[in-house]
Amino acid sequence: MCGIIGYRGSRDATAVVLEGLKKLEYRGYDSFGVASLAVNKLVVFKQVGAISDFGYADMPLTRTNLAVGHTRWATHGAVTTANAHPQLSNDGKIAVLHNGIIDNWEALRQLLVHEGFTFSSGTDTEVIPNLIQLYISKGYAFHDAMRTTLQHLHGSYAVIVLHEDFDEIAFAKVGSPLLVGRGDNEFFIASDLSAFAKYTTNVVVLPDFHYGFITSNVSLFSLDSESRVEIPYQTIAVDVDEEEDPAIQQYMLKEIMEQPRVLLRAIDQSKDRFELLAEIIRKSQKVFFTGCGTSFHAGLAASYFFASVAKINCTPFLSSETGKLVEFFDDKSVLIALSQSGETADVLDAVKLAKNRGAVVIALVNVQGTTLPLLADHTLYLRAGVERCVLSTKTFTAQLGLLYLLAHTVAGNFSLAHTILNQLAASIQEVLITQAAVIRQVAEKTYNNSDYFIIGRDFASACAVEGALKIKEVSYIHAEGFAGGELKHGTLALVRESIPTVVLVTPDTRTRILSNAMEVKSRKGCIIGVDSLPNSVFDYFIQIPHVSEGLSLLLCIPLQLLAYNLAILRGCDPDKPRNLAKSVTVQ
Ligand code: AGP
C-alpha cells in the first residue's frame, strides 16, 4: 500500500509534495521518491528510508510548479532505491508513481523486452512508463498512449504519470484510492485527502476505470467508453487533522491515551441515525460482520453482544475469506463492514460481493472521502480523528462503542447504552492511569520472551485475539490469543516455564478461565491476570473496574499498553512497525 501525491499550481510544488508525503507515510515507508518538471526537464530524486527522516534541503530538487511524489510499501521488488518510485521509461522522459499490483506485469515485460526495452527494477510498475513510451514511438499522442497502456493493464492501480514534454499530470484509477482536489487555480491529486486537506477539501473521489489529465483544468475520461465525463466536486467535511506535533514521540501512546475522549466523540451522534440502522437490522434475516485485522476483531467481539443484547445471531467473517459465504448474502441480509481507513482492498471486495447479492451495507469508517462510504448504503463515522500509528487502538474502541450502542438500539435501549458508554469512558481513563505502572512492570519482566499467550472466554476470547495482534505487530514477539477452553486441546503443549499468559477474566467466565489459568500455572507458566478481583493464581494482577456491561471495551486497554511497553523495551518503532502499513489497499 503506497501513498502517491501530485500538485500543479502556483505554489512550490516540491514543498507541497514533500509535505503531503509525510501525511501519507502511514501508507508505507520503505522508500520514497519525488519527480518534478522544471522547464521541460524531469528531475527525479529517490531514497530508501522514511520521508520523515529527510528534509527538502537534503534533496537535489528545485522549486517548480508541477511535482509528484510516492512513499512505498514494497509488494514487488526489494526495498532498494532502484525499486523506489517514480519508475522511469527507458528514454527517461516518463515518470510513473503507482499504488496497487499489475497482475499481468510479467507478460507485459516480456513484450517490452521483445521490443528492445530493458528493465532496471524488480517492480511490476516499470512496465507502465515503457508501455507509454512504446505507444508514443508508434505515433500515438501522449493521451492516446496513456489510454492504450491502461487498456493493457490488469490488476489494481492508482497511477500518476509525468511526461517531460507536457506540463500536465496524467492519472488513472482502478481498485486503489485516488482523489483530485481543486484549489484556487491549483490542483492536487493523492491517495487520500489527508495529503492536501490543509489546502482544499473540494474533491472528486475518482471511481474505478477512470483516467484523466491535470493542466490548468482537469479532464476526466471513462476507460470503458473512452468518453469524457464530468464528475461533480464535493466538499468533504473532515475532522480537524491535528497537525503532526514534533514534540510527540510516539503516536501509539498518544492515541491509546485519548481513547476516553474518542469513545465519547464516537457515540455523540444522533439517536435517529442509530434507530434507522437498528430498524434495518431488525427487519433483516441475516447479519454479517466483516473486516480485517483489528477491525475484524471489533466485529468478532460485537457478534457476542449482538447475540446477548440484541438476540441476533451474527456471522463475523474475515474479508479475505469471503469465499463461499457469498452464497448466503441476499436482499434480506445486512453486512456491517468495518474499516478504519475505508480503503482496505479485502473489505471493499467483500462489500462489492455482498452488494451484488442485494445485501444492505452499513459501513463503520474513520477516514472521510474514502471508497467504503461510497460503496455502503449507510455509513457511521468513527470520528476518532487521524490515527497516525499503524496500529489501530483508538479506532478499535470507537468501533466497539458504536457497535455496542447499535446492538442496544436494536434492543430498544439506546439511552441506557449511551449512559453505560459514558461510564465506560471514565473506566478506560481509570485503567490508563492506575494500571500504567504494573503494566510497565509486566513488560519489563517479560519483554525477552519469544512467545506470549492471551486467553479469554466468551467475548473476552475476541479481545484475546486482538491483544495478541497488538503485541506481535509492534513488539515482534510471537503472540497467540485464543479461547481459554482450547488450551487443553493442543496449545498446552507449548506451555513451558515462565511463558507469559495473559488471562482475561469476566464475571460470567471467571471460574472456567481461572481453571485454564491453573493449567498453565501448574506447568510453571507466568500468569498475568486482567480482572476486577485479585486471585492467588496471578503472578501479576492488572486491575480493571468492575463493570456490569460493556466489559469488552475495557479488556483490550491493558493489552494495548502492554504491547506499547514491550515494543519500547525491545527498541521497536511503535508507530511504524516493520513490514506493515496503515492502509492495506492490495489483496
Ligand atoms: C491493526 O493494528 C492493524 N493496523 C491492521 O490489522 C488493521 O486493523 C487492518 O489492516 C484493517 O485496517 P482498516 O481498519 O483500515 O480496514
# chains A, B, ... in the order shown; residues from 1 in each chain; ligands from 1

call {"tool": "residues_near_ligand", "arguments": {"ligand": "ligand 1", "cutoff": "7 Å", "atoms": "only C-alpha atoms and all ligand atoms", "output": "PDB file with all heavy atoms, in the first residue's frame"}}
result
ATOM      1  N   GLY A 291     -14.383  -7.492   8.178  1.00  0.00           N
ATOM      2  CA  GLY A 291     -13.272  -6.557   8.343  1.00  0.00           C
ATOM      3  C   GLY A 291     -11.979  -7.342   8.287  1.00  0.00           C
ATOM      4  O   GLY A 291     -12.005  -8.557   8.063  1.00  0.00           O
ATOM      5  N   CYS A 292     -10.885  -6.654   8.517  1.00  0.00           N
ATOM      6  CA  CYS A 292      -9.561  -7.292   8.532  1.00  0.00           C
ATOM      7  C   CYS A 292      -8.851  -6.864   9.808  1.00  0.00           C
ATOM      8  O   CYS A 292      -9.121  -5.790  10.337  1.00  0.00           O
ATOM      9  CB  CYS A 292      -8.741  -6.870   7.329  1.00  0.00           C
ATOM     10  SG  CYS A 292      -9.495  -7.311   5.764  1.00  0.00           S
ATOM     11  N   GLY A 293      -7.962  -7.705  10.277  1.00  0.00           N
ATOM     12  CA  GLY A 293      -7.140  -7.343  11.428  1.00  0.00           C
ATOM     13  C   GLY A 293      -7.989  -6.859  12.591  1.00  0.00           C
ATOM     14  O   GLY A 293      -8.992  -7.465  12.960  1.00  0.00           O
ATOM     15  N   THR A 294      -7.593  -5.721  13.125  1.00  0.00           N
ATOM     16  CA  THR A 294      -8.273  -5.194  14.303  1.00  0.00           C
ATOM     17  C   THR A 294      -9.736  -4.906  14.039  1.00  0.00           C
ATOM     18  O   THR A 294     -10.606  -5.117  14.884  1.00  0.00           O
ATOM     19  CB  THR A 294      -7.537  -3.940  14.779  1.00  0.00           C
ATOM     20  OG1 THR A 294      -6.265  -4.350  15.291  1.00  0.00           O
ATOM     21  CG2 THR A 294      -8.287  -3.193  15.847  1.00  0.00           C
ATOM     22  N   SER A 295     -10.036  -4.433  12.846  1.00  0.00           N
ATOM     23  CA  SER A 295     -11.442  -4.143  12.537  1.00  0.00           C
ATOM     24  C   SER A 295     -12.266  -5.429  12.545  1.00  0.00           C
ATOM     25  O   SER A 295     -13.423  -5.435  12.987  1.00  0.00           O
ATOM     26  CB  SER A 295     -11.537  -3.448  11.183  1.00  0.00           C
ATOM     27  OG  SER A 295     -11.010  -2.135  11.298  1.00  0.00           O
ATOM     28  N   LEU A 338     -16.438  -3.070   8.581  1.00  0.00           N
ATOM     29  CA  LEU A 338     -15.632  -2.246   9.495  1.00  0.00           C
ATOM     30  C   LEU A 338     -14.274  -1.965   8.869  1.00  0.00           C
ATOM     31  O   LEU A 338     -13.572  -2.889   8.450  1.00  0.00           O
ATOM     32  CB  LEU A 338     -15.445  -3.005  10.810  1.00  0.00           C
ATOM     33  CG  LEU A 338     -16.745  -3.380  11.524  1.00  0.00           C
ATOM     34  CD1 LEU A 338     -16.538  -4.580  12.425  1.00  0.00           C
ATOM     35  CD2 LEU A 338     -17.271  -2.210  12.320  1.00  0.00           C
ATOM     36  N   SER A 339     -13.926  -0.698   8.790  1.00  0.00           N
ATOM     37  CA  SER A 339     -12.614  -0.349   8.243  1.00  0.00           C
ATOM     38  C   SER A 339     -12.218   1.058   8.679  1.00  0.00           C
ATOM     39  O   SER A 339     -12.900   2.020   8.316  1.00  0.00           O
ATOM     40  CB  SER A 339     -12.619  -0.407   6.716  1.00  0.00           C
ATOM     41  OG  SER A 339     -11.370   0.039   6.211  1.00  0.00           O
ATOM     42  N   GLN A 340     -11.173   1.177   9.444  1.00  0.00           N
ATOM     43  CA  GLN A 340     -10.672   2.486   9.876  1.00  0.00           C
ATOM     44  C   GLN A 340     -10.341   3.340   8.659  1.00  0.00           C
ATOM     45  O   GLN A 340     -10.811   4.455   8.543  1.00  0.00           O
ATOM     46  CB  GLN A 340      -9.410   2.264  10.736  1.00  0.00           C
ATOM     47  CG  GLN A 340      -8.819   3.466  11.404  1.00  0.00           C
ATOM     48  CD  GLN A 340      -8.051   4.409  10.464  1.00  0.00           C
ATOM     49  OE1 GLN A 340      -8.300   5.610  10.510  1.00  0.00           O
ATOM     50  NE2 GLN A 340      -7.157   3.919   9.614  1.00  0.00           N
ATOM     51  N   SER A 341      -9.619   2.778   7.715  1.00  0.00           N
ATOM     52  CA  SER A 341      -9.125   3.556   6.567  1.00  0.00           C
ATOM     53  C   SER A 341     -10.191   3.749   5.485  1.00  0.00           C
ATOM     54  O   SER A 341     -10.115   4.652   4.678  1.00  0.00           O
ATOM     55  CB  SER A 341      -7.925   2.841   5.937  1.00  0.00           C
ATOM     56  OG  SER A 341      -8.358   1.572   5.428  1.00  0.00           O
ATOM     57  N   GLY A 342     -11.136   2.826   5.421  1.00  0.00           N
ATOM     58  CA  GLY A 342     -12.130   2.900   4.348  1.00  0.00           C
ATOM     59  C   GLY A 342     -11.572   2.507   2.991  1.00  0.00           C
ATOM     60  O   GLY A 342     -12.235   2.671   1.969  1.00  0.00           O
ATOM     61  N   GLU A 343     -10.333   1.974   2.997  1.00  0.00           N
ATOM     62  CA  GLU A 343      -9.688   1.646   1.707  1.00  0.00           C
ATOM     63  C   GLU A 343      -9.125   0.222   1.687  1.00  0.00           C
ATOM     64  O   GLU A 343      -8.472  -0.149   0.722  1.00  0.00           O
ATOM     65  CB  GLU A 343      -8.535   2.617   1.430  1.00  0.00           C
ATOM     66  CG  GLU A 343      -8.958   4.059   1.189  1.00  0.00           C
ATOM     67  CD  GLU A 343      -9.801   4.255  -0.083  1.00  0.00           C
ATOM     68  OE1 GLU A 343     -10.026   3.271  -0.824  1.00  0.00           O
ATOM     69  OE2 GLU A 343     -10.251   5.378  -0.321  1.00  0.00           O
ATOM     70  N   THR A 344      -9.338  -0.563   2.721  1.00  0.00           N
ATOM     71  CA  THR A 344      -8.781  -1.922   2.748  1.00  0.00           C
ATOM     72  C   THR A 344      -9.368  -2.745   1.612  1.00  0.00           C
ATOM     73  O   THR A 344     -10.593  -2.957   1.550  1.00  0.00           O
ATOM     74  CB  THR A 344      -9.051  -2.572   4.108  1.00  0.00           C
ATOM     75  OG1 THR A 344      -8.419  -1.763   5.108  1.00  0.00           O
ATOM     76  CG2 THR A 344      -8.506  -3.994   4.177  1.00  0.00           C
ATOM     77  N   VAL A 347     -11.746  -5.663   2.265  1.00  0.00           N
ATOM     78  CA  VAL A 347     -13.072  -5.246   2.746  1.00  0.00           C
ATOM     79  C   VAL A 347     -13.908  -4.744   1.573  1.00  0.00           C
ATOM     80  O   VAL A 347     -15.086  -5.112   1.409  1.00  0.00           O
ATOM     81  CB  VAL A 347     -12.949  -4.147   3.823  1.00  0.00           C
ATOM     82  CG1 VAL A 347     -14.327  -3.662   4.268  1.00  0.00           C
ATOM     83  CG2 VAL A 347     -12.161  -4.651   5.034  1.00  0.00           C
ATOM     84  N   VAL A 390       0.380   2.997  12.947  1.00  0.00           N
ATOM     85  CA  VAL A 390      -0.091   1.902  12.088  1.00  0.00           C
ATOM     86  C   VAL A 390      -1.026   0.995  12.870  1.00  0.00           C
ATOM     87  O   VAL A 390      -1.996   0.454  12.348  1.00  0.00           O
ATOM     88  CB  VAL A 390       1.105   1.114  11.523  1.00  0.00           C
ATOM     89  CG1 VAL A 390       0.675  -0.216  10.933  1.00  0.00           C
ATOM     90  CG2 VAL A 390       1.825   1.945  10.468  1.00  0.00           C
ATOM     91  N   LEU A 391      -0.781   0.858  14.172  1.00  0.00           N
ATOM     92  CA  LEU A 391      -1.668   0.027  14.981  1.00  0.00           C
ATOM     93  C   LEU A 391      -2.981   0.765  15.237  1.00  0.00           C
ATOM     94  O   LEU A 391      -2.975   1.953  15.561  1.00  0.00           O
ATOM     95  CB  LEU A 391      -1.024  -0.310  16.326  1.00  0.00           C
ATOM     96  CG  LEU A 391      -0.039  -1.467  16.288  1.00  0.00           C
ATOM     97  CD1 LEU A 391       1.289  -1.002  15.721  1.00  0.00           C
ATOM     98  CD2 LEU A 391       0.148  -2.084  17.645  1.00  0.00           C
ATOM     99  N   SER A 392      -4.045   0.049  15.108  1.00  0.00           N
ATOM    100  CA  SER A 392      -5.366   0.618  15.412  1.00  0.00           C
ATOM    101  C   SER A 392      -5.647   0.391  16.888  1.00  0.00           C
ATOM    102  O   SER A 392      -5.699  -0.748  17.346  1.00  0.00           O
ATOM    103  CB  SER A 392      -6.425  -0.077  14.556  1.00  0.00           C
ATOM    104  OG  SER A 392      -6.098   0.103  13.194  1.00  0.00           O
ATOM    105  N   THR A 393      -5.809   1.488  17.623  1.00  0.00           N
ATOM    106  CA  THR A 393      -6.145   1.359  19.049  1.00  0.00           C
ATOM    107  C   THR A 393      -7.421   2.158  19.325  1.00  0.00           C
ATOM    108  O   THR A 393      -8.462   1.588  19.573  1.00  0.00           O
ATOM    109  CB  THR A 393      -4.989   1.897  19.931  1.00  0.00           C
ATOM    110  OG1 THR A 393      -4.613   3.197  19.448  1.00  0.00           O
ATOM    111  CG2 THR A 393      -3.788   0.965  19.876  1.00  0.00           C
ATOM    112  N   LEU A 469      -2.683  -9.617  18.509  1.00  0.00           N
ATOM    113  CA  LEU A 469      -2.284  -8.872  17.299  1.00  0.00           C
ATOM    114  C   LEU A 469      -1.490  -7.629  17.680  1.00  0.00           C
ATOM    115  O   LEU A 469      -0.457  -7.331  17.094  1.00  0.00           O
ATOM    116  CB  LEU A 469      -3.521  -8.484  16.487  1.00  0.00           C
ATOM    117  CG  LEU A 469      -3.255  -7.624  15.248  1.00  0.00           C
ATOM    118  CD1 LEU A 469      -2.353  -8.346  14.268  1.00  0.00           C
ATOM    119  CD2 LEU A 469      -4.547  -7.201  14.578  1.00  0.00           C
ATOM    120  N   LYS A 470      -1.955  -6.924  18.680  1.00  0.00           N
ATOM    121  CA  LYS A 470      -1.232  -5.720  19.131  1.00  0.00           C
ATOM    122  C   LYS A 470       0.208  -6.058  19.515  1.00  0.00           C
ATOM    123  O   LYS A 470       1.147  -5.410  19.086  1.00  0.00           O
ATOM    124  CB  LYS A 470      -1.965  -5.104  20.330  1.00  0.00           C
ATOM    125  CG  LYS A 470      -3.278  -4.468  19.981  1.00  0.00           C
ATOM    126  CD  LYS A 470      -3.097  -3.131  19.334  1.00  0.00           C
ATOM    127  CE  LYS A 470      -3.580  -2.850  17.976  1.00  0.00           C
ATOM    128  NZ  LYS A 470      -4.337  -3.611  17.109  1.00  0.00           N
ATOM    129  N   LYS A 582      -0.436   1.266   7.208  1.00  0.00           N
ATOM    130  CA  LYS A 582      -1.695   1.586   7.881  1.00  0.00           C
ATOM    131  C   LYS A 582      -2.905   1.210   7.032  1.00  0.00           C
ATOM    132  O   LYS A 582      -3.924   0.804   7.568  1.00  0.00           O
ATOM    133  CB  LYS A 582      -1.744   3.087   8.185  1.00  0.00           C
ATOM    134  CG  LYS A 582      -2.980   3.527   8.947  1.00  0.00           C
ATOM    135  CD  LYS A 582      -2.984   2.980  10.351  1.00  0.00           C
ATOM    136  CE  LYS A 582      -4.163   3.470  11.151  1.00  0.00           C
ATOM    137  NZ  LYS A 582      -4.241   2.794  12.470  1.00  0.00           N
ATOM    138  N   SER A 583      -2.765   1.368   5.734  1.00  0.00           N
ATOM    139  CA  SER A 583      -3.918   1.132   4.879  1.00  0.00           C
ATOM    140  C   SER A 583      -3.535   0.073   3.849  1.00  0.00           C
ATOM    141  O   SER A 583      -2.670   0.309   3.006  1.00  0.00           O
ATOM    142  CB  SER A 583      -4.292   2.447   4.183  1.00  0.00           C
ATOM    143  OG  SER A 583      -5.396   2.255   3.359  1.00  0.00           O
ATOM    144  N   VAL A 584      -4.177  -1.106   3.936  1.00  0.00           N
ATOM    145  CA  VAL A 584      -3.773  -2.237   3.086  1.00  0.00           C
ATOM    146  C   VAL A 584      -4.660  -2.260   1.848  1.00  0.00           C
ATOM    147  O   VAL A 584      -5.746  -2.832   1.830  1.00  0.00           O
ATOM    148  CB  VAL A 584      -3.908  -3.562   3.873  1.00  0.00           C
ATOM    149  CG1 VAL A 584      -3.434  -4.730   3.020  1.00  0.00           C
ATOM    150  CG2 VAL A 584      -3.108  -3.487   5.173  1.00  0.00           C
TER     151      VAL A 584
END

call {"tool": "select_by_dssp", "arguments": {"residues": "range 376-462 of chain A", "states": "helix (DSSP H, G or I)", "output": "NGL selection string"}}
result
:A and (394-410 or 414-434 or 436-446 or 459-462)

call {"tool": "select_by_dssp", "arguments": {"residues": "range 97-232 of chain A", "states": "strand (DSSP E or B)", "output": "ChimeraX atom specification"}}
result
/A:97-102,155-163,169-174,179-182,187-190,202-205,210-214,218-222,228-229

call {"tool": "closest_residue", "arguments": {"among": "A:Tyr7, A:Phe453, A:Phe459, A:Trp73", "to": "His98 in chain A", "atoms": "only C-alpha atoms"}}
result
A:Trp73

call {"tool": "residues_around", "arguments": {"residues": "range 121-131 of chain A", "least_positions_apart": "5", "cutoff": "8 Å", "atoms": "only C-alpha atoms", "output": "number ranges by chain"}}
result
A: 76-78, 82-83, 87-90, 94-98, 101-102, 105-106, 108-109, 112, 145, 149, 161

call {"tool": "write_last_selection", "arguments": {"atoms": "C-alpha atoms", "output": "tab-separated table (two decimals), in the first residue's frame"}}
result
chain	number	residue	atom	x	y	z
A	76	HIS	CA	7.08	-6.44	-6.00
A	77	GLY	CA	10.82	-5.96	-5.68
A	78	ALA	CA	13.02	-5.48	-2.64
A	82	ALA	CA	16.08	1.22	-7.91
A	83	ASN	CA	12.67	-0.11	-6.86
A	87	GLN	CA	9.75	4.35	-12.21
A	88	LEU	CA	11.10	5.78	-15.47
A	89	SER	CA	10.81	4.83	-19.12
A	90	ASN	CA	13.94	3.78	-20.98
A	94	ILE	CA	8.24	9.43	-18.49
A	95	ALA	CA	7.90	9.03	-14.70
A	96	VAL	CA	5.23	6.81	-13.12
A	97	LEU	CA	4.12	6.51	-9.50
A	98	HIS	CA	1.89	3.57	-8.66
A	101	ILE	CA	-0.48	-4.51	-8.27
A	102	ILE	CA	-0.27	-5.07	-12.05
A	105	TRP	CA	3.28	-7.34	-15.48
A	106	GLU	CA	5.44	-10.34	-16.46
A	108	LEU	CA	3.97	-7.06	-20.50
A	109	ARG	CA	7.62	-7.10	-19.51
A	112	LEU	CA	8.57	-4.88	-23.97
A	145	ALA	CA	-0.62	6.33	-25.40
A	149	THR	CA	-1.45	1.49	-21.92
A	161	VAL	CA	2.29	9.96	-14.74

call {"tool": "residues_around", "arguments": {"residues": "Tyr211 in chain A", "least_positions_apart": "2", "cutoff": "6 Å", "atoms": "only C-alpha atoms", "output": "MDAnalysis selection string"}}
result
chainID A and resid 171:172 220:221

call {"tool": "closest_residue", "arguments": {"among": "A:Val360, A:Val238, A:Ala425, A:Val229", "to": "Arg261 in chain A", "atoms": "only C-alpha atoms"}}
result
A:Ala425

call {"tool": "residues_around", "arguments": {"residues": "Gly20 in chain A", "least_positions_apart": "4", "cutoff": "9 Å", "atoms": "only C-alpha atoms", "output": "PyMOL selection string"}}
result
chain A and resi 4-6+15-16+24-25+69+190+194-196

call {"tool": "atom_distance", "arguments": {"atom1": "CA of Arg383 in chain A", "atom2": "CA of Thr585 in chain A"}}
result
21.4 Å

call {"tool": "closest_atom_pairs", "arguments": {"of": "range 479-568 of chain A", "to": "range 402-411 of chain A", "cutoff": "12 Å", "atoms": "only C-alpha atoms", "output": "tab-separated table"}}
result
residue	atom	partner	partner_atom	distance
A:Glu549	CA	A:Tyr404	CA	9.9
A:Gly550	CA	A:Tyr404	CA	7.4
A:Leu551	CA	A:Tyr404	CA	10.6
A:Ser552	CA	A:Tyr404	CA	9.5
A:Leu553	CA	A:Tyr404	CA	9.1

call {"tool": "residues_around", "arguments": {"residues": "Lys22 in chain A", "least_positions_apart": "4", "cutoff": "8 Å", "atoms": "only C-alpha atoms", "output": "PDB file with all heavy atoms, in the first residue's frame"}}
result
ATOM      1  N   LEU A  18       6.330  17.121  -0.802  1.00  0.00           N
ATOM      2  CA  LEU A  18       7.077  16.542   0.331  1.00  0.00           C
ATOM      3  C   LEU A  18       6.228  16.569   1.603  1.00  0.00           C
ATOM      4  O   LEU A  18       6.178  15.607   2.362  1.00  0.00           O
ATOM      5  CB  LEU A  18       8.381  17.313   0.555  1.00  0.00           C
ATOM      6  CG  LEU A  18       9.448  17.118  -0.527  1.00  0.00           C
ATOM      7  CD1 LEU A  18      10.629  18.056  -0.281  1.00  0.00           C
ATOM      8  CD2 LEU A  18       9.913  15.662  -0.572  1.00  0.00           C
ATOM      9  N   ILE A  51      10.313   9.127   4.539  1.00  0.00           N
ATOM     10  CA  ILE A  51      10.377  10.538   4.114  1.00  0.00           C
ATOM     11  C   ILE A  51      10.594  11.457   5.322  1.00  0.00           C
ATOM     12  O   ILE A  51      11.278  12.471   5.231  1.00  0.00           O
ATOM     13  CB  ILE A  51       9.095  10.931   3.351  1.00  0.00           C
ATOM     14  CG1 ILE A  51       9.093  12.398   2.943  1.00  0.00           C
ATOM     15  CG2 ILE A  51       7.833  10.670   4.169  1.00  0.00           C
ATOM     16  CD1 ILE A  51       9.878  12.724   1.749  1.00  0.00           C
ATOM     17  N   SER A  52      10.020  11.058   6.474  1.00  0.00           N
ATOM     18  CA  SER A  52      10.105  11.968   7.640  1.00  0.00           C
ATOM     19  C   SER A  52      11.541  12.081   8.150  1.00  0.00           C
ATOM     20  O   SER A  52      11.850  12.954   8.942  1.00  0.00           O
ATOM     21  CB  SER A  52       9.197  11.474   8.764  1.00  0.00           C
ATOM     22  OG  SER A  52       9.433  10.120   9.016  1.00  0.00           O
ATOM     23  N   ALA A 195      -3.519  14.157   2.511  1.00  0.00           N
ATOM     24  CA  ALA A 195      -2.276  14.659   1.895  1.00  0.00           C
ATOM     25  C   ALA A 195      -2.372  16.131   1.527  1.00  0.00           C
ATOM     26  O   ALA A 195      -1.352  16.810   1.427  1.00  0.00           O
ATOM     27  CB  ALA A 195      -1.944  13.824   0.662  1.00  0.00           C
TER      28      ALA A 195
END

call {"tool": "residues_around", "arguments": {"residues": "Phe289 in chain A", "least_positions_apart": "5", "cutoff": "8 Å", "atoms": "only C-alpha atoms", "output": "list in words"}}
result
Phe296, Gly299, Leu300, Ser303, Cys314, Thr315, Pro316, Phe317, Leu335, Ile336, Ala337 and Leu338 of chain A

call {"tool": "atom_distance", "arguments": {"atom1": "CA of Ser427 in chain A", "atom2": "CA of Gly385 in chain A"}}
result
21.2 Å

call {"tool": "closest_residue", "arguments": {"among": "A:Phe45, A:Phe166, A:Phe209, A:Tyr233", "to": "Gly183 in chain A", "atoms": "only C-alpha atoms"}}
result
A:Tyr233

call {"tool": "atom_distance", "arguments": {"atom1": "CA of Gly181 in chain A", "atom2": "CA of Ala13 in chain A"}}
result
14.2 Å

call {"tool": "closest_residue", "arguments": {"among": "A:Glu258, A:Ala84, A:Ile214, A:Val204", "to": "Glu230 in chain A", "atoms": "only C-alpha atoms"}}
result
A:Val204

call {"tool": "closest_residue", "arguments": {"among": "A:Ser31, A:Asn422, A:Ser515, A:Asn535", "to": "Pro260 in chain A", "atoms": "only C-alpha atoms"}}
result
A:Asn422

call {"tool": "closest_residue", "arguments": {"among": "A:Asn413, A:Val174, A:Tyr540, A:Cys463", "to": "Arg440 in chain A", "atoms": "only C-alpha atoms"}}
result
A:Tyr540
